[in-house]
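Chemist: Please see the structure below; I have some questions.
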Amino acid sequence: NGSQIFEKIDKNIFAAGCYNGSGIGVGTLFGEQIAIMSSNQQSNEIEKINQRVKPNLLPPKPFLNLGIQARLSFERLRARSEI
């Protein structure tokens, strides 16, 4: 669904990523806020980030691999007109 990851995964392990081309601004914001969160602090930005739509779970293999291959094939066909 194109949503970003921003969460505490385990004790002392935090993740922020999957910006999907949204730019350096979002990456900088998430990096700053995950550092604040890892310091056991809170901010208005963290509250807003935590209210966003969470990423969808991926299907298990082999369904995931089939879906990836189908999507890549579709995108290759679509890109032919750009050459």
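Ordered as shown in the structure tokens, chains take letters A, B, and onward, while each chain numbers its residues from 1 and ligands are numbered from 1 in the order shown.
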Please report, as a PyMOL selection string, each residue of chain A to which DSSP assigns helix (DSSP H, G or I) when run on this structure's backbone.
Modeler: chain A and resi 24-38+44-50+63-82
Chemist: Show which residues sit within 12 Å of A:Ser39, as a short mmCIF file (atom, residue, chain, number, x, y, z; two decimals) with N, CA and C atoms, in the first residue's frame. Count only C-alpha atoms, and ignore same-chain residues fewer than 5 positions away.
Modeler:
```cif
data_model
loop_
_atom_site.label_atom_id
_atom_site.label_comp_id
_atom_site.auth_asym_id
_atom_site.auth_seq_id
_atom_site.Cartn_x
_atom_site.Cartn_y
_atom_site.Cartn_z
N LYS A 8 9.32 0.48 16.66
CA LYS A 8 10.27 -0.23 17.50
C LYS A 8 10.05 -1.71 17.22
N ASN A 12 15.84 -1.96 21.89
CA ASN A 12 16.93 -1.20 21.29
C ASN A 12 17.07 -1.38 19.78
N ILE A 13 16.02 -1.83 19.10
CA ILE A 13 16.03 -1.96 17.64
C ILE A 13 14.84 -1.20 17.08
N PHE A 14 15.12 -0.18 16.27
CA PHE A 14 14.11 0.67 15.68
C PHE A 14 14.28 0.67 14.17
N GLU A 32 15.14 11.63 11.95
CA GLU A 32 15.19 12.48 13.15
C GLU A 32 14.23 11.96 14.22
N GLN A 33 13.02 11.62 13.80
CA GLN A 33 12.01 11.21 14.76
C GLN A 33 12.27 9.81 15.34
N ILE A 34 12.87 8.91 14.56
CA ILE A 34 13.19 7.59 15.10
C ILE A 34 14.32 7.72 16.12
#
```
Chemist: Write down as an MDAnalysis selection string the residues belonging to chain A that are assigned strand (DSSP E) by DSSP computed on the backbone.
Modeler: chainID A and resid 5:10 13:17
Chemist: So that I can check the surroundings of A:Asn20, please list as a JSON list (two decimals) with C-alpha atoms, in the first residue's frame every protein, DNA and RNA residue that reaches within 9 Å of it, counting only C-alpha atoms and ignoring chain neighbours fewer than 5 positions away.
Modeler:
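Saved as around-v4.json:
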```json
[["chain", "number", "residue", "atom", "x", "y", "z"],
["A", 2, "GLY", "CA", 3.02, 2.31, -0.20],
["A", 3, "SER", "CA", 3.15, 3.13, 3.50],
["A", 4, "GLN", "CA", 6.38, 3.68, 5.40]]
```
Chemist: Using only C-alpha atoms, which residue out of A:Arg78, A:Phe30, A:Asp10, A:Leu66 lies closest to A:Glu47?
Modeler: A:Phe30
Chemist: Find the spatial neighbours of A:Arg52, counting only C-alpha atoms, within a cut-off of 12 Å - ignore same-chain residues fewer than 2 positions away - and output them as a ChimeraX atom specification.
Modeler: /A:1-7,45-50,54-55
Chemist: Would you kindly return, as a VMD selection string, each protein, DNA or RNA residue with an atom no farther than 12 Å from any atom of A:Leu58, considering only C-alpha atoms and excluding same-chain residues fewer than 3 positions away?
Modeler: chain A and resid 1 55 61 to 65 67 to 68
